[in-house]
Amino acid sequence: DVSLTIAANENGSAREPRLNLRGYSTSSNPQIAFGDNNAYSGYIVYENQDDSMYFLTNTSEAMRITSAGKVGIGTSIVLAKLHVDSGNSGVTPSANADELFIEGSANSGITIASGTSSVGQIMFADSGDNDIGGISYNHNDNSMRFTAGAGERMAINGSGQITVGGAAADGKFAIASNAGSLNRLISLKDTGNAGGGRDYIEFFNVSGGSAGSIEHNGTSTVAYRTSSDYRLKENV
């Protein structure tokens with residue numbers, strides 16, 4: 001029920017030599033089988049009903065190419081331009097992010113492996129700049145860096161210190177910026193209902209107990225609360 005033709009001239013038209021596999025109807029699936037003296041275990045199949053091509057290894061489907069040119073690895077239901085599936089998660093990718101879809105039914109991930117003194121990177125680009133944004137990990141000093149607007153905006157070093165705006169690592173969190181151009185370095189806003197006792201910043205001792213806070217009363221007053229009366233006695 002399958003015809004095999006090797007031809008350089010078909011229906012009177014000259015063409016490059018090719019191998020033709022034709023099914024007996026539009027619902028048949030021409031295929032090439034690979035095997036040994038015991039059985040066939042590998043196949044390349046063209047499914048005429050939906051114009052997809054799929055590849056089987058060890059008698060199981062390993063990869064499929066749809067009529068739209070989407071490629072699925074480990075799945076016959078291809079949901080992205082490249083869909084890699086190690087288990088069904090029940091997720092359909094967003095139409096705004098369906099060029100690459102990595103899926104698993106348990107833990108899933110992507111590994112970027114680099115040299116011990118090199119950098120692994122994910123870049124974001126447009127027609128005007130091929131690295132206008134990015135996330136990079138520098139294995140030389142074990143730091144992770146974040147780029148936006150073609151400049152580094154934040155970094156986390158190997159000791160867990162966070163720096164913003166190119167600041168030198170000084171303490172757990174450091175910011176460097178021109179406060180004059182921004183009018184402020186840090187802005188805190190409570191978007192809830194107005195009311196007193198709202199701690200914007202709270203300080204804890206080594207045992208986890210509250211040692212003080214900076215709070216806002218819901219209008220225009222900032223209060224400094226502490227477990228000690230030292231501040232109240234100062235400059236009396």
# chains A, B, ... in the order shown; residues from 1 in each chain; ligands from 1
>>> select_by_dssp(residues="range 69-236 of chain A", states="helix (DSSP H, G or I)", output="ChimeraX atom specification")
/A:179-182,230-233
>>> select_by_dssp(residues="range 31-200 of chain A", states="strand (DSSP E)", output="VMD selection string")
chain A and resid 31 to 35 40 to 47 52 to 57 60 to 65 71 to 73 82 to 85 100 to 103 119 to 126 129 to 138 143 to 148 151 to 156 162 to 164 173 to 175 198 to 200
>>> closest_residue(among="A:Thr92, A:Thr147, A:Thr59, A:Thr26", to="Ala39 in chain A", atoms="only C-alpha atoms")
A:Thr59
>>> residues_around(residues="Ile122 in chain A", least_positions_apart="5", cutoff="7 Å", atoms="only C-alpha atoms", output="CSV table (one decimal) with all heavy atoms, in the first residue's frame")
chain,number,residue,atom,x,y,z
A,134,GLY,N,19.8,42.5,30.2
A,134,GLY,CA,20.4,41.2,30.4
A,134,GLY,C,20.6,40.7,31.8
A,134,GLY,O,20.5,41.6,32.7
A,135,ILE,N,20.7,39.5,32.0
A,135,ILE,CA,21.1,38.9,33.3
A,135,ILE,C,22.3,38.0,33.0
A,135,ILE,O,22.4,37.2,32.1
A,135,ILE,CB,20.0,37.9,33.8
A,135,ILE,CG1,18.6,38.7,33.9
A,135,ILE,CG2,20.3,37.3,35.1
A,135,ILE,CD1,17.5,37.9,34.3
A,136,SER,N,23.4,38.3,33.8
A,136,SER,CA,24.6,37.5,33.6
A,136,SER,C,25.1,37.0,35.0
A,136,SER,O,24.9,37.6,36.0
A,136,SER,CB,25.7,38.4,33.0
A,136,SER,OG,26.0,39.5,33.8
>>> residues_around(residues="Ala176 in chain A", least_positions_apart="4", cutoff="7 Å", atoms="only C-alpha atoms", output="list in words")
Val164, Gly165, Gly166 and Ala167 of chain A
>>> residues_around(residues="Ala174 in chain A", least_positions_apart="3", cutoff="9 Å", atoms="only C-alpha atoms", output="list in words")
Gln161, Ile162, Thr163, Val164, Gly165, Ala167, Ala168, Ala169, Asp170 and Gly171 of chain A
>>> decode(residues="range 137-234 of chain A", atoms="C-alpha atoms", output="PDB file, in the first residue's frame")
ATOM      1  CA  TYR A 137      26.492  35.296  36.042  1.00  0.00           C
ATOM      2  CA  ASN A 138      30.250  35.831  36.301  1.00  0.00           C
ATOM      3  CA  HIS A 139      31.935  32.613  37.426  1.00  0.00           C
ATOM      4  CA  ASN A 140      35.223  34.438  38.017  1.00  0.00           C
ATOM      5  CA  ASP A 141      33.875  36.274  41.090  1.00  0.00           C
ATOM      6  CA  ASN A 142      30.539  34.435  41.474  1.00  0.00           C
ATOM      7  CA  SER A 143      28.449  37.561  41.009  1.00  0.00           C
ATOM      8  CA  MET A 144      25.088  37.971  39.291  1.00  0.00           C
ATOM      9  CA  ARG A 145      24.470  41.205  37.415  1.00  0.00           C
ATOM     10  CA  PHE A 146      21.351  42.806  35.951  1.00  0.00           C
ATOM     11  CA  THR A 147      21.434  45.156  32.956  1.00  0.00           C
ATOM     12  CA  ALA A 148      18.698  47.575  31.850  1.00  0.00           C
ATOM     13  CA  GLY A 149      18.928  50.369  29.291  1.00  0.00           C
ATOM     14  CA  ALA A 150      22.358  49.015  28.221  1.00  0.00           C
ATOM     15  CA  GLY A 151      23.861  49.646  31.655  1.00  0.00           C
ATOM     16  CA  GLU A 152      24.402  47.568  34.778  1.00  0.00           C
ATOM     17  CA  ARG A 153      21.782  48.536  37.361  1.00  0.00           C
ATOM     18  CA  MET A 154      22.112  45.940  40.109  1.00  0.00           C
ATOM     19  CA  ALA A 155      24.550  43.260  41.210  1.00  0.00           C
ATOM     20  CA  ILE A 156      24.666  40.531  43.835  1.00  0.00           C
ATOM     21  CA  ASN A 157      28.137  39.360  44.759  1.00  0.00           C
ATOM     22  CA  GLY A 158      29.213  35.943  45.985  1.00  0.00           C
ATOM     23  CA  SER A 159      28.803  37.044  49.618  1.00  0.00           C
ATOM     24  CA  GLY A 160      25.191  38.027  49.059  1.00  0.00           C
ATOM     25  CA  GLN A 161      25.827  41.775  49.148  1.00  0.00           C
ATOM     26  CA  ILE A 162      23.494  43.758  46.888  1.00  0.00           C
ATOM     27  CA  THR A 163      24.622  46.902  45.107  1.00  0.00           C
ATOM     28  CA  VAL A 164      22.495  49.283  43.035  1.00  0.00           C
ATOM     29  CA  GLY A 165      23.681  51.932  40.600  1.00  0.00           C
ATOM     30  CA  GLY A 166      27.298  50.816  40.578  1.00  0.00           C
ATOM     31  CA  ALA A 167      27.813  51.290  44.315  1.00  0.00           C
ATOM     32  CA  ALA A 168      30.767  49.631  46.021  1.00  0.00           C
ATOM     33  CA  ALA A 169      29.803  46.711  48.251  1.00  0.00           C
ATOM     34  CA  ASP A 170      29.413  48.308  51.697  1.00  0.00           C
ATOM     35  CA  GLY A 171      27.176  46.372  54.034  1.00  0.00           C
ATOM     36  CA  LYS A 172      24.412  44.045  52.885  1.00  0.00           C
ATOM     37  CA  PHE A 173      22.750  46.662  50.641  1.00  0.00           C
ATOM     38  CA  ALA A 174      24.321  49.726  49.026  1.00  0.00           C
ATOM     39  CA  ILE A 175      22.926  52.334  46.620  1.00  0.00           C
ATOM     40  CA  ALA A 176      24.791  54.900  44.539  1.00  0.00           C
ATOM     41  CA  SER A 177      22.831  57.566  42.681  1.00  0.00           C
ATOM     42  CA  ASN A 178      22.520  61.295  42.021  1.00  0.00           C
ATOM     43  CA  ALA A 179      19.834  62.147  44.562  1.00  0.00           C
ATOM     44  CA  GLY A 180      19.479  65.624  43.108  1.00  0.00           C
ATOM     45  CA  SER A 181      18.193  64.328  39.800  1.00  0.00           C
ATOM     46  CA  LEU A 182      15.679  62.025  41.527  1.00  0.00           C
ATOM     47  CA  ASN A 183      14.819  64.172  44.585  1.00  0.00           C
ATOM     48  CA  ARG A 184      15.158  61.015  46.678  1.00  0.00           C
ATOM     49  CA  LEU A 185      17.133  57.775  46.845  1.00  0.00           C
ATOM     50  CA  ILE A 186      14.454  55.596  48.474  1.00  0.00           C
ATOM     51  CA  SER A 187      10.704  56.122  48.391  1.00  0.00           C
ATOM     52  CA  LEU A 188       8.249  54.190  50.584  1.00  0.00           C
ATOM     53  CA  LYS A 189       4.496  54.498  50.068  1.00  0.00           C
ATOM     54  CA  ASP A 190       1.668  52.791  51.905  1.00  0.00           C
ATOM     55  CA  THR A 191      -1.191  52.196  49.450  1.00  0.00           C
ATOM     56  CA  GLY A 192      -3.549  50.832  52.114  1.00  0.00           C
ATOM     57  CA  ASN A 193      -6.081  52.681  54.237  1.00  0.00           C
ATOM     58  CA  ALA A 194      -4.768  55.557  56.325  1.00  0.00           C
ATOM     59  CA  GLY A 195      -4.041  54.699  59.924  1.00  0.00           C
ATOM     60  CA  GLY A 196      -1.428  54.847  62.636  1.00  0.00           C
ATOM     61  CA  GLY A 197       1.182  52.311  63.615  1.00  0.00           C
ATOM     62  CA  ARG A 198       2.234  51.376  60.096  1.00  0.00           C
ATOM     63  CA  ASP A 199       5.853  50.233  60.266  1.00  0.00           C
ATOM     64  CA  TYR A 200       7.712  51.217  57.136  1.00  0.00           C
ATOM     65  CA  ILE A 201      11.001  49.878  58.511  1.00  0.00           C
ATOM     66  CA  GLU A 202      11.317  47.580  61.521  1.00  0.00           C
ATOM     67  CA  PHE A 203      14.494  46.502  63.281  1.00  0.00           C
ATOM     68  CA  PHE A 204      14.946  43.134  64.987  1.00  0.00           C
ATOM     69  CA  ASN A 205      17.526  41.892  67.457  1.00  0.00           C
ATOM     70  CA  VAL A 206      19.447  38.643  67.115  1.00  0.00           C
ATOM     71  CA  SER A 207      16.682  36.761  68.935  1.00  0.00           C
ATOM     72  CA  GLY A 208      14.050  37.944  66.459  1.00  0.00           C
ATOM     73  CA  GLY A 209      12.429  40.455  68.786  1.00  0.00           C
ATOM     74  CA  SER A 210      11.484  43.923  67.586  1.00  0.00           C
ATOM     75  CA  ALA A 211      14.013  46.543  68.697  1.00  0.00           C
ATOM     76  CA  GLY A 212      12.437  49.559  67.036  1.00  0.00           C
ATOM     77  CA  SER A 213      10.818  50.893  63.899  1.00  0.00           C
ATOM     78  CA  ILE A 214      10.170  53.875  61.699  1.00  0.00           C
ATOM     79  CA  GLU A 215       6.443  54.251  61.241  1.00  0.00           C
ATOM     80  CA  HIS A 216       3.925  56.520  59.564  1.00  0.00           C
ATOM     81  CA  ASN A 217       0.648  57.589  61.155  1.00  0.00           C
ATOM     82  CA  GLY A 218      -1.333  57.837  57.927  1.00  0.00           C
ATOM     83  CA  THR A 219      -1.114  61.628  57.566  1.00  0.00           C
ATOM     84  CA  SER A 220       2.160  63.515  57.487  1.00  0.00           C
ATOM     85  CA  THR A 221       3.973  62.359  60.624  1.00  0.00           C
ATOM     86  CA  VAL A 222       6.856  59.921  60.854  1.00  0.00           C
ATOM     87  CA  ALA A 223       7.551  58.401  64.260  1.00  0.00           C
ATOM     88  CA  TYR A 224      10.681  56.663  65.479  1.00  0.00           C
ATOM     89  CA  ARG A 225       9.815  53.871  67.887  1.00  0.00           C
ATOM     90  CA  THR A 226      12.470  52.201  70.000  1.00  0.00           C
ATOM     91  CA  SER A 227      12.637  49.882  72.988  1.00  0.00           C
ATOM     92  CA  SER A 228      15.051  52.295  74.691  1.00  0.00           C
ATOM     93  CA  ASP A 229      14.295  55.786  76.065  1.00  0.00           C
ATOM     94  CA  TYR A 230      17.772  57.023  75.054  1.00  0.00           C
ATOM     95  CA  ARG A 231      16.442  59.099  72.181  1.00  0.00           C
ATOM     96  CA  LEU A 232      13.887  60.799  74.420  1.00  0.00           C
ATOM     97  CA  LYS A 233      16.604  61.880  76.839  1.00  0.00           C
ATOM     98  CA  GLU A 234      18.931  63.253  74.190  1.00  0.00           C
TER      99      GLU A 234
END
